[in-house]
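One structure is given here, and the rest of the page talks about it.
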Amino acid sequence: MRQRTATRVSWGLWIFTMMTLAGTLALVVLNRSLGNAGLLYGYVALSIATIAYATAGALVIARVRGNPIGWALVGMGLALLLSGFGEQYLLRALVTAPGSLPGKSFVTWFEGWTLNAAIAPIPIVFLLFPTGRVFSPRWRWILRIALAVLVVGVVGQMLFPSHVDGITNSLGDQGLHLVNPTGLQSAKGFLGAVLAAAGIMGVGVAVLSIGSLVWRFHRAGAEERVQIKWLAFVAVTILVLLAISVLDALFVGQNSVANDVIFIVMVSFVFLGIPAAVAIAILKYRLYDIDVVINKTLVYGLLAAFITAVYVAIVVGIGAAIGQGSKPNLGLSILATAVVAVAFQPVRERVQRFANRLVYGRRATPYEVLSEFSSRMAGAYASEDLLPRMARILGEGTGAGSTRVWLKVGDELRAEAAWPVSEDSPALPMEDGVLPAMPDAFVLPVLHRGDLLGALSLTKPPGERLTPTEEKLAADLASGAGLVLRNVRLTEELLHRLEELRASRQRIVAAQDQERRRLERNIHDGAQQQLVALAVRVRLARQLTVRDPVKANDLLEQTEREVTEALEDLRDLARGIYPPLLADRGLVVALSAQARKGPIPVEFEGQDIARYPQEIEAAVYFCCLEALQNVAKYARASRALVRLVCEGDDLTFTVEDDGAGFDTSSAGYGTGLQGMTDRLAALGGDLEVRSAPGAGTTVNGRLPVRAPEMAR
């Protein structure tokens with residue numbers, strides 16, 4: 001049967017059951033002259049049990065495809081109700097108003113076997129709950145026996161030629177003993193033996209079915225245990241009460257007060273406890289995820305009750321007040337329609353809120369949670385505001401006691417936001433990209449395009465567990481949070497890069513100022529002083545030209561030598577700014593010349609390096625010189641190697657030594673290495689330093705370059 005057809009049939013049976021229940025209660029009121037108060041209380045319990053069985057069964061059928069538990073519950077509720085309806089119908093037709101109702105033989109027939117049809121499926125429900133299948137293949141033969149007992153018991157009762165006295169012996173109390181109209185008198189002995197055997201097998205199957213439920217509870221997961229525990233409690237209680245009842249009947253007597261009390265309690269558990277346990281599993285723990293169906297049913301039912309109440313109040317109430325009686329009044333009907341039309345939308349909103357509160361509790365519906373989350377994502381919020389909002393939405397949507405949003409940074413998870421706001425949680429290390437364990441918390445990874453970006457964690461209050469609906473909602477939020485965490489991480493990385501860039505620019509400016517002051521100091525202390533002295537000597541030579549030409553000539557010769565020295569000093573200063581050899585001959589020649597001047601032997605590799613823009617060559621040249629100076633000052637090395645390599649669009653350089661080395665994890669970059677890093681970063685490159693105590697040091701630098709220029 002298709003799901004849509006099954007849903008329609010189930011709700012059709014539910015409507016028929018409710019109509020039959022209304023007729024049964026009407027017959028109970030009409031038969032009140034019998035004066036049996038216990039009968040009235042019994043039919044109140046019958047009404048509750050019927051509504052519980054029929055409603056729970058219809059909801060399960062409407063939500064779950066192919067689960068027989070729903071049909072079993074609907075059938076049990078209808079059979080139980082037909083048994084009570086048949087009794088009241090016969091009381092009305094034969095006692096309180098003899099001859100007023102037809103079809104007494106037909107009612108006598110189905111009243112005789114419907115009670116058995118209401119009780120026999122109970123072991124089947126125990127065997128199949130909650131999945132609709134037996135726990136394992138070894139339990140299938142018990143299910144087959146239970147089905148056989150059901151069929152044999154019902155058919156046997158249809159054919160057994162017995163008296164039909166009703167479930168409360170009300171007919172017997174009136175001196176009426178009706179005979180089954182379809183009974184086979186000739187097969188009475190055989191049918192009696194078959195029914196007795198079926199009864200014994202039914203008791204055995206009932207005990208085994210309870211054992212199946214307990215065993216399923218023992219082997220089930222946390223969520224399924226919560227769903228089973230109520231029905232398992234009812235089943236075990238029924239079994240205990242049955243055992244006590246048998247022992248009491250054997251040792252005390254069947255007519256004892258204790259036996260009557262035990263029987264009433266056991267029947268209450270059978271007819272009220274089972275549907276109550278199933279309803280708790282459905283409503284509280286969202287078994288079969290039918291909260292949406294329940295929500296809509298409540299809304300439509302309450303709206304229908306509102307429309308009916310308005311119509312009755314206006315058309316019937318006001319009509320009776322003005323003397324219209326039962327005659328239809330078009331004006332009052334129009335007035336009732338207008339009132340319903342005006343009040344419908346406000347009432348619908350209030351009814352929807354009431355249904356949401358009843359089904360979902362204080363928190364919002366899953367749709368509202370996802371809608372709010374999407375609107376927050378669409379808004380322009382800073383990361384320090386967006387992540388706390390995400391944590392709050394997750395907590396309010398799932399009813400969690402606390403939630404956290406974790407961001408993956410390197411090889412650890414950092415708690416970026418929490419709800420309610422709490423102290424910062426310590427970072428959690430990750431191994432091989434696997435989320436760390438978080439005891440007592442439900443953790444969901446946050447992925448974006450297959451990349452793990454972080455996680456969402458939530459903790460339920462003590463005694464509560466995450467339902468399937470809440471788990472699906474959390475998973476939906478986690479799937480939508482991937483883009484958020486991606487943007488947050490990119491934003492934080494960008495801010496971090498901006499901070500590094502700002503610090504780098506500040507260091508470059510400071511280095512430029514320092515270099516400018518050094519040049520100023522060198523010019524002031526060197527070339528400037530020499531030029532001042534030369535000016536003094538030239539004036540003195542001019543004065544001596546007339547008085548002592550020989551001495552003036554010697555003074556001019558000395559001045560010429562000092563001018564040559566001043567020019568050499570200025571050339572040395574110019575070479576410190578941009579070496580002429582580098583400008584004329586390129587990196588290979590300039591670095592080779594500097595390497596030969598060092599205090600230790602330096603090997604050079606990279607003869608095929610072409611020419612590059614001036615800023616590229618200068619950056620590589622000065623970084624290599626700085627690295628060689630560090631080797632000479634600190635490494636205590638016996639040799640060094642300088643290597644230049646052009647790979648694709650990158651120009652790389654390497655400076656290696658066999659010196660003492662150092663621990664890179666504890667020693668930071670000094671001013672020399674930091675200056676090299678800043679110089680390369682300004683051109684889009686990077687620097688890497690590898691070293692270990694006793695293993696020497698390797699400095700690797702990389703610069704992105706365009707197509708190289710031809711050597712000039």
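By convention here, the chains of the structure tokens are called A, B, ... in the order presented, each chain's residues are numbered starting at 1, and ligands are numbered starting at 1 in the order presented.
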*Tell me which protein, DNA and RNA residues are within 7 Å of segment 7-23 of chain A, counting only C-alpha atoms, leaving out same-chain ones fewer than 2 positions away, and put them as JSON, numbers by chain.*
{"A": [3, 4, 5, 25, 26, 27, 47, 54, 55, 58, 61, 62, 78, 81]}
*asked:* Write out as a PyMOL selection string the set of residues from segment 106-269 of chain A that DSSP, computed on the backbone, places in alpha helix (DSSP H).
replied: chain A and resi 106-119+122-128+140-159+170-173+188-219+222-251+257-268
*Straight-line distance linking atom CA of Met430 of chain A with atom CA of Leu413 of chain A, stated in Å to one decimal*: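 Atom-to-atom, atom CA of Met430 of chain A to atom CA of Leu413 of chain A, that is 7.1 Å.
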*One decimal, Å: what's the distance from atom CA of Val179 of chain A over to atom CA of Val152 of chain A, could you say?*
20.0 Å
*Could you state the separation of atom CA of Thr24 of chain A and atom CA of Leu46 of chain A in Å, given to one decimal place?*
10.1 Å
For segment 399-403 of chain A, work out the shell of residues within 9 Å, counting only C-alpha atoms and skipping chain neighbours fewer than 2 positions away, then give it as a compact mmCIF listing (two decimals) with C-alpha atoms, in the first residue's frame.
```txt
# COMPACT_ATOMS: atom_id res chain seq x y z
CA GLY A 361 8.80 23.04 24.27
CA ARG A 362 10.07 26.57 24.92
CA ARG A 363 12.50 26.54 21.99
CA ALA A 391 26.21 29.20 19.42
CA ARG A 392 23.02 30.75 20.82
CA LEU A 394 22.26 26.05 18.21
CA GLY A 395 21.55 25.98 21.95
CA GLU A 396 18.03 27.39 21.75
CA GLY A 397 17.11 25.18 18.79
CA VAL A 405 31.73 26.79 18.32
CA ALA A 417 32.25 31.19 21.06
CA ALA A 418 30.08 29.62 23.77
CA TRP A 419 26.45 29.80 24.88
CA PRO A 420 25.78 30.66 27.64
CA VAL A 421 28.86 32.86 27.77
CA ALA A 441 29.11 16.33 24.53
CA LEU A 456 30.01 22.40 16.91
CA SER A 457 29.54 20.80 20.33
CA LEU A 458 26.48 20.76 22.56
CA THR A 459 25.72 19.30 25.97
CA LYS A 460 22.20 18.41 27.05
CA PRO A 461 20.97 19.03 30.59
CA PRO A 462 21.33 16.11 33.04
CA LEU A 466 19.54 14.34 22.03
CA GLU A 470 17.48 17.67 17.43
```
*Counting only C-alpha atoms, what is within 12 Å of Gly410 of chain A, bar same-chain residues fewer than 3 positions away, as a list in words?*
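Skipping anything fewer than 3 positions along the chain leaves Leu407, Leu413, Arg414, Ala427, Leu428, Pro429, Met430, Glu431, Asp432, Gly433, Leu452, Leu453, Gly454, Arg489 and Glu493 of chain A.
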*With distances taken over only C-alpha atoms, which of A:Arg404, A:Arg679, A:Arg561, A:Arg486 is nearest to Arg389 of chain A?*
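Nearest to Arg389 of chain A: A:Arg404.
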*If we count only C-alpha atoms, what is near Leu127 of chain A at a cut-off of 9 Å, once residues fewer than 3 positions away on the same chain are taken out, given as a list in words?*
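Near Leu127 of chain A, the qualifying residues are Ile122, Pro123, Ile124, Pro130, Gly132, Arg133, Val134, Phe135, Trp139, Ile142, Leu143, Leu208, Ser209, Ile210, Gly211, Ser212 and Leu213 of chain A.
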Saved selection, atoms kept: N, CA and C atoms, as a short mmCIF file (atom, residue, chain, number, x, y, z; two decimals), in the first residue's frame:
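And here is the file that came out, selection_13.cif:
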```cif
data_model
loop_
_atom_site.label_atom_id
_atom_site.label_comp_id
_atom_site.auth_asym_id
_atom_site.auth_seq_id
_atom_site.Cartn_x
_atom_site.Cartn_y
_atom_site.Cartn_z
N ILE A 122 -1.08 -7.81 21.63
CA ILE A 122 -0.13 -7.16 22.54
C ILE A 122 1.27 -7.79 22.44
N PRO A 123 1.42 -9.14 22.47
CA PRO A 123 2.77 -9.69 22.30
C PRO A 123 3.42 -9.30 20.98
N ILE A 124 2.61 -9.13 19.93
CA ILE A 124 3.17 -8.73 18.63
C ILE A 124 3.77 -7.32 18.73
N PRO A 130 10.64 -0.88 18.88
CA PRO A 130 10.04 0.26 18.18
C PRO A 130 10.29 0.28 16.69
N GLY A 132 9.56 -1.94 14.25
CA GLY A 132 8.65 -2.62 13.34
C GLY A 132 9.16 -3.96 12.87
N ARG A 133 10.31 -4.38 13.37
CA ARG A 133 10.91 -5.68 13.02
C ARG A 133 11.35 -6.37 14.30
N VAL A 134 11.43 -7.71 14.24
CA VAL A 134 11.92 -8.45 15.39
C VAL A 134 13.39 -8.12 15.61
N PHE A 135 13.85 -8.36 16.83
CA PHE A 135 15.21 -7.95 17.19
C PHE A 135 16.27 -8.70 16.40
N TRP A 139 14.02 -14.61 16.58
CA TRP A 139 12.73 -14.29 17.19
C TRP A 139 11.58 -14.39 16.19
N ILE A 142 8.82 -16.91 17.03
CA ILE A 142 7.91 -16.47 18.09
C ILE A 142 6.86 -15.53 17.51
N LEU A 143 7.27 -14.67 16.57
CA LEU A 143 6.31 -13.78 15.91
C LEU A 143 5.28 -14.60 15.13
N LEU A 208 7.60 -14.59 26.38
CA LEU A 208 8.78 -14.49 25.51
C LEU A 208 8.86 -13.12 24.84
N SER A 209 7.73 -12.56 24.48
CA SER A 209 7.76 -11.23 23.85
C SER A 209 8.26 -10.17 24.83
N ILE A 210 7.88 -10.29 26.09
CA ILE A 210 8.41 -9.37 27.10
C ILE A 210 9.92 -9.57 27.24
N GLY A 211 10.35 -10.84 27.20
CA GLY A 211 11.79 -11.10 27.23
C GLY A 211 12.50 -10.50 26.04
N SER A 212 11.86 -10.55 24.86
CA SER A 212 12.46 -9.93 23.68
C SER A 212 12.62 -8.43 23.86
N LEU A 213 11.62 -7.78 24.45
CA LEU A 213 11.69 -6.34 24.67
C LEU A 213 12.81 -5.99 25.66
#
```
